[in-house]
Structure formats: structure tokens, C-alpha cells
$ cat run.cif   # mmCIF, C-alpha atoms
data_protein
loop_
_atom_site.group_PDB
_atom_site.id
_atom_site.type_symbol
_atom_site.label_atom_id
_atom_site.label_comp_id
_atom_site.auth_asym_id
_atom_site.auth_seq_id
_atom_site.Cartn_x
_atom_site.Cartn_y
_atom_site.Cartn_z
ATOM 1 C CA MET F 1 155.605 -80.878 233.055
ATOM 2 C CA GLY F 2 154.956 -79.286 229.668
ATOM 3 C CA THR F 3 157.573 -78.023 227.299
ATOM 4 C CA LEU F 4 157.896 -74.398 226.358
ATOM 5 C CA MET F 5 156.359 -73.774 222.978
ATOM 6 C CA ALA F 6 156.861 -70.595 221.022
ATOM 7 C CA ASP F 7 154.206 -69.509 218.575
ATOM 8 C CA TYR F 8 156.256 -70.205 215.449
ATOM 9 C CA LEU F 9 153.412 -69.259 213.144
ATOM 10 C CA GLU F 10 153.187 -65.775 214.650
ATOM 11 C CA MET F 11 156.956 -65.374 214.626
ATOM 12 C CA ASN F 12 157.067 -66.352 210.946
ATOM 13 C CA LYS F 13 154.228 -63.912 210.246
ATOM 14 C CA ALA F 14 156.250 -61.163 211.926
ATOM 15 C CA VAL F 15 159.292 -61.921 209.774
ATOM 16 C CA THR F 16 157.162 -62.036 206.624
ATOM 17 C CA GLY F 17 155.491 -58.765 207.585
ATOM 18 C CA MET F 18 158.866 -57.133 208.113
ATOM 19 C CA GLU F 19 160.014 -58.367 204.698
ATOM 20 C CA LYS F 20 156.946 -56.810 203.052
ATOM 21 C CA ILE F 21 157.470 -53.505 204.864
ATOM 22 C CA ILE F 22 161.144 -53.436 203.902
ATOM 23 C CA ARG F 23 160.294 -54.133 200.245
ATOM 24 C CA GLY F 24 157.640 -51.399 200.305
ATOM 25 C CA VAL F 25 159.981 -48.824 201.838
ATOM 26 C CA THR F 26 162.788 -49.775 199.451
ATOM 27 C CA ASP F 27 160.508 -49.496 196.411
ATOM 28 C CA ALA F 28 159.124 -46.140 197.578
ATOM 29 C CA VAL F 29 162.603 -44.720 198.231
ATOM 30 C CA ASP F 30 163.802 -45.929 194.826
ATOM 31 C CA MET F 31 160.864 -44.164 193.165
ATOM 32 C CA LEU F 32 161.478 -41.014 195.224
ATOM 33 C CA GLU F 33 165.152 -40.977 194.283
ATOM 34 C CA GLU F 34 164.313 -41.443 190.613
ATOM 35 C CA GLY F 35 161.863 -38.530 190.763
ATOM 36 C CA VAL F 36 164.350 -36.298 192.543
ATOM 37 C CA LEU F 37 167.040 -37.065 189.969
ATOM 38 C CA ARG F 38 164.610 -36.332 187.112
ATOM 39 C CA LEU F 39 163.700 -33.031 188.756
ATOM 40 C CA ASP F 40 167.372 -32.131 189.029
ATOM 41 C CA ILE F 41 167.667 -32.227 185.230
ATOM 42 C CA THR F 42 164.948 -29.607 184.798
ATOM 43 C CA TRP F 43 165.988 -27.174 187.525
ATOM 44 C CA ALA F 44 169.141 -25.126 188.095
ATOM 45 C CA GLY F 45 170.400 -22.696 190.678
ATOM 46 C CA ASP F 46 171.174 -22.459 194.371
ATOM 47 C CA ALA F 47 167.706 -23.597 195.416
ATOM 48 C CA ASN F 48 168.132 -26.758 193.337
ATOM 49 C CA THR F 49 171.515 -27.469 194.890
ATOM 50 C CA GLU F 50 170.156 -27.107 198.424
ATOM 51 C CA PHE F 51 167.080 -29.175 197.588
ATOM 52 C CA MET F 52 169.176 -31.950 196.044
ATOM 53 C CA LEU F 53 171.603 -32.054 198.977
ATOM 54 C CA SER F 54 168.722 -32.217 201.428
ATOM 55 C CA MET F 55 166.744 -34.854 199.534
ATOM 56 C CA LEU F 56 169.731 -37.085 198.828
ATOM 57 C CA LYS F 57 170.740 -36.902 202.505
ATOM 58 C CA ASP F 58 167.200 -37.881 203.533
ATOM 59 C CA ILE F 59 167.201 -40.752 201.038
ATOM 60 C CA GLU F 60 170.555 -41.943 202.372
ATOM 61 C CA ASP F 61 169.202 -41.788 205.943
ATOM 62 C CA ILE F 62 166.122 -43.803 204.989
ATOM 63 C CA ARG F 63 168.323 -46.419 203.307
ATOM 64 C CA LYS F 64 170.391 -46.701 206.507
ATOM 65 C CA ILE F 65 167.220 -47.223 208.547
ATOM 66 C CA THR F 66 166.059 -49.820 206.023
ATOM 67 C CA ASP F 67 169.407 -51.613 206.381
ATOM 68 C CA GLU F 68 168.844 -51.707 210.154
ATOM 69 C CA MET F 69 165.373 -53.142 209.560
ATOM 70 C CA VAL F 70 166.930 -55.889 207.416
ATOM 71 C CA CYS F 71 169.407 -56.680 210.209
ATOM 72 C CA SER F 72 166.577 -56.836 212.759
ATOM 73 C CA LYS F 73 164.542 -59.117 210.505
ATOM 74 C CA ASP F 74 167.546 -61.391 209.961
ATOM 75 C CA LEU F 75 168.170 -61.576 213.716
ATOM 76 C CA LEU F 76 164.529 -62.449 214.348
ATOM 77 C CA ARG F 77 164.691 -65.236 211.753
ATOM 78 C CA LYS F 78 167.960 -66.520 213.301
ATOM 79 C CA ALA F 79 166.426 -66.447 216.784
ATOM 80 C CA LEU F 80 163.430 -68.397 215.520
ATOM 81 C CA VAL F 81 165.666 -71.106 214.013
ATOM 82 C CA GLU F 82 167.816 -71.295 217.152
ATOM 83 C CA TYR F 83 164.745 -71.510 219.391
ATOM 84 C CA GLN F 84 163.292 -74.329 217.297
ATOM 85 C CA THR F 85 166.631 -76.165 217.364
ATOM 86 C CA GLY F 86 166.940 -75.761 221.122
ATOM 87 C CA GLU F 87 163.377 -76.875 221.711
ATOM 88 C CA ALA F 88 163.941 -79.995 219.588
ATOM 89 C CA LYS F 89 167.070 -80.826 221.628
ATOM 90 C CA ILE F 90 165.163 -80.401 224.888
ATOM 91 C CA LYS F 91 162.354 -82.672 223.690
ATOM 92 C CA GLU F 92 164.920 -85.304 222.675
ATOM 93 C CA ARG F 93 166.627 -85.137 226.069
ATOM 94 C CA ILE F 94 163.282 -85.449 227.839
ATOM 95 C CA ARG F 95 162.541 -88.603 225.808
ATOM 96 C CA GLU F 96 165.921 -90.038 226.815
ATOM 97 C CA VAL F 97 165.179 -89.723 230.534
ATOM 98 C CA ARG F 98 164.424 -93.145 232.089
ATOM 99 C CA ILE F 99 162.310 -93.177 235.200
#
$ encode --input "run.cif" --output "C-alpha cells"
Amino acid sequence: MGTLMADYLEMNKAVTGMEKIIRGVTDAVDMLEEGVLRLDITWAGDANTEFMLSMLKDIEDIRKITDEMVCSKDLLRKALVEYQTGEAKIKERIREVRI
């Protein structure tokens, strides 16, 4: 009987990929926010107010989604560690069995 083996390399690649995506989104949103705030300085009126409210709301929404991505990535990493720990315990118990 074989033991269950997860593909840890692929799971680690998934976590690393998520980290890169999160960093990319965060950097892009930071740059967008900076540009929007610079634009605000050069523009006045009702259209500016509406634009700013809309853009800052969108930026806030993207940051919330990014926070959820971080939580998902952290849960995936935790699951990976727990799976590896459980698998090690199972292997140890199998070795302890005397036939």
C-alpha cells in the first residue's frame, strides 16, 4: 500500500505565483492611486469630485480583493504545511506497525 503524496513542488509554485500576482496588483494600484491624487491637484470642479470619488472607491475595492487574495494564499500555505505534517505522522505510524 502506497502513501498519499501531494505534489509539494506544484503547491509551492502556486503559492509563489500568488505572491507575485499580489505584489504586481499592489504595485499597480499604488501607482494608479498616486496618479489619481496628482491629477486631483490639477483639476477642480464637480467632474473632478465625481471622478475622485469613483476612482478612490474602485481603488479601495481592489485593495479589499487583494486582501482576500492574501488570505487565500496564507490558507494555501497553511494547508501545505499541515498536509506535510500529517503525511510525516502517517509515515511514522506505518513504520511503527509490527507484522
$ resolve_selection --input "run.cif" --expression "the PyMOL selection byres ((chain F and resi 6-16) around 8)" --output "PyMOL selection string"
chain F and resi 4-5+17-20+73+76-77+80
$ closest_residue --input "run.cif" --among "F:Ile99, F:Ile59, F:Leu53, F:Ile90" --to "Glu34 (chain F)" --atoms "all atoms listed in the file"
F:Ile59
$ resolve_selection --input "run.cif" --expression "the PyMOL selection byres ((chain F and resi 55) around 12)" --output "mmCIF file with C-alpha atoms, in the coordinates of the input"
data_model
loop_
_atom_site.group_PDB
_atom_site.id
_atom_site.type_symbol
_atom_site.label_atom_id
_atom_site.label_comp_id
_atom_site.auth_asym_id
_atom_site.auth_seq_id
_atom_site.Cartn_x
_atom_site.Cartn_y
_atom_site.Cartn_z
ATOM 1 C CA VAL F 29 162.603 -44.720 198.231
ATOM 2 C CA LEU F 32 161.478 -41.014 195.224
ATOM 3 C CA GLU F 33 165.152 -40.977 194.283
ATOM 4 C CA GLU F 34 164.313 -41.443 190.613
ATOM 5 C CA GLY F 35 161.863 -38.530 190.763
ATOM 6 C CA VAL F 36 164.350 -36.298 192.543
ATOM 7 C CA LEU F 37 167.040 -37.065 189.969
ATOM 8 C CA LEU F 39 163.700 -33.031 188.756
ATOM 9 C CA ASP F 40 167.372 -32.131 189.029
ATOM 10 C CA ASN F 48 168.132 -26.758 193.337
ATOM 11 C CA THR F 49 171.515 -27.469 194.890
ATOM 12 C CA GLU F 50 170.156 -27.107 198.424
ATOM 13 C CA PHE F 51 167.080 -29.175 197.588
ATOM 14 C CA MET F 52 169.176 -31.950 196.044
ATOM 15 C CA LEU F 53 171.603 -32.054 198.977
ATOM 16 C CA SER F 54 168.722 -32.217 201.428
ATOM 17 C CA LEU F 56 169.731 -37.085 198.828
ATOM 18 C CA LYS F 57 170.740 -36.902 202.505
ATOM 19 C CA ASP F 58 167.200 -37.881 203.533
ATOM 20 C CA ILE F 59 167.201 -40.752 201.038
ATOM 21 C CA GLU F 60 170.555 -41.943 202.372
ATOM 22 C CA ASP F 61 169.202 -41.788 205.943
ATOM 23 C CA ILE F 62 166.122 -43.803 204.989
#
$ atom_distance --input "run.cif" --atom1 "CA of Lys64 (chain F)" --atom2 "CA of Ile21 (chain F)"
14.7 Å
$ atom_distance --input "run.cif" --atom1 "CA of Thr66 (chain F)" --atom2 "CA of Asp30 (chain F)"
12.1 Å
$ atom_distance --input "run.cif" --atom1 "CA of Glu68 (chain F)" --atom2 "CA of Ile22 (chain F)"
10.1 Å
$ axis_aligned_box --input "run.cif" --around "region 57-67 of chain F" --padding-each-side "3 Å" --output "JSON"
{"center_x": 168.4, "center_y": -44.3, "center_z": 204.8, "size_x": 10.7, "size_y": 20.7, "size_z": 13.5}
$ closest_residue --input "run.cif" --among "F:Ala79, F:Gly45, F:Ile65, F:Arg38" --to "Val25 (chain F)" --atoms "only C-alpha atoms"
F:Ile65
$ decode --input "run.cif" --residues "region 32-54 of chain F" --atoms "N, CA and C atoms" --output "tab-separated table (two decimals), in the first residue's frame"
chain	number	residue	atom	x	y	z
F	32	LEU	N	-1.49	53.70	-9.57
F	32	LEU	CA	-2.75	54.29	-10.00
F	32	LEU	C	-3.22	55.33	-9.00
F	33	GLU	N	-3.18	54.99	-7.73
F	33	GLU	CA	-3.62	55.93	-6.70
F	33	GLU	C	-2.76	57.20	-6.71
F	34	GLU	N	-1.47	57.02	-6.85
F	34	GLU	CA	-0.56	58.17	-6.91
F	34	GLU	C	-0.91	59.07	-8.10
F	35	GLY	N	-1.17	58.47	-9.24
F	35	GLY	CA	-1.54	59.25	-10.43
F	35	GLY	C	-2.86	59.97	-10.25
F	36	VAL	N	-3.83	59.30	-9.66
F	36	VAL	CA	-5.13	59.92	-9.42
F	36	VAL	C	-4.99	61.10	-8.47
F	37	LEU	N	-4.20	60.95	-7.43
F	37	LEU	CA	-4.01	62.04	-6.47
F	37	LEU	C	-3.26	63.21	-7.11
F	38	ARG	N	-2.31	62.92	-8.00
F	38	ARG	CA	-1.63	64.01	-8.71
F	38	ARG	C	-2.59	64.74	-9.64
F	39	LEU	N	-3.46	63.99	-10.29
F	39	LEU	CA	-4.45	64.59	-11.18
F	39	LEU	C	-5.40	65.50	-10.41
F	40	ASP	N	-5.74	65.09	-9.21
F	40	ASP	CA	-6.67	65.87	-8.38
F	40	ASP	C	-6.14	67.28	-8.13
F	41	ILE	N	-4.83	67.41	-8.01
F	41	ILE	CA	-4.22	68.72	-7.75
F	41	ILE	C	-4.42	69.67	-8.93
F	42	THR	N	-4.48	69.13	-10.12
F	42	THR	CA	-4.51	69.97	-11.32
F	42	THR	C	-5.92	70.18	-11.88
F	43	TRP	N	-6.94	69.71	-11.19
F	43	TRP	CA	-8.28	69.70	-11.77
F	43	TRP	C	-9.28	70.04	-10.67
F	44	ALA	N	-10.21	70.92	-10.97
F	44	ALA	CA	-11.22	71.33	-9.98
F	44	ALA	C	-12.60	71.21	-10.60
F	45	GLY	N	-13.59	71.21	-9.75
F	45	GLY	CA	-14.97	71.21	-10.22
F	45	GLY	C	-15.72	69.94	-9.87
F	46	ASP	N	-17.00	69.93	-10.28
F	46	ASP	CA	-17.87	68.80	-9.97
F	46	ASP	C	-17.39	67.51	-10.64
F	47	ALA	N	-16.92	67.64	-11.88
F	47	ALA	CA	-16.45	66.45	-12.59
F	47	ALA	C	-15.27	65.82	-11.85
F	48	ASN	N	-14.38	66.66	-11.34
F	48	ASN	CA	-13.23	66.16	-10.57
F	48	ASN	C	-13.71	65.43	-9.32
F	49	THR	N	-14.65	66.02	-8.62
F	49	THR	CA	-15.16	65.41	-7.39
F	49	THR	C	-15.74	64.03	-7.68
F	50	GLU	N	-16.56	63.94	-8.71
F	50	GLU	CA	-17.18	62.65	-9.07
F	50	GLU	C	-16.12	61.64	-9.50
F	51	PHE	N	-15.16	62.10	-10.30
F	51	PHE	CA	-14.08	61.23	-10.75
F	51	PHE	C	-13.29	60.70	-9.55
F	52	MET	N	-12.92	61.59	-8.65
F	52	MET	CA	-12.13	61.19	-7.48
F	52	MET	C	-12.89	60.19	-6.61
F	53	LEU	N	-14.17	60.47	-6.36
F	53	LEU	CA	-14.97	59.55	-5.55
F	53	LEU	C	-15.03	58.17	-6.20
F	54	SER	N	-15.25	58.16	-7.50
F	54	SER	CA	-15.34	56.90	-8.22
F	54	SER	C	-14.00	56.14	-8.22
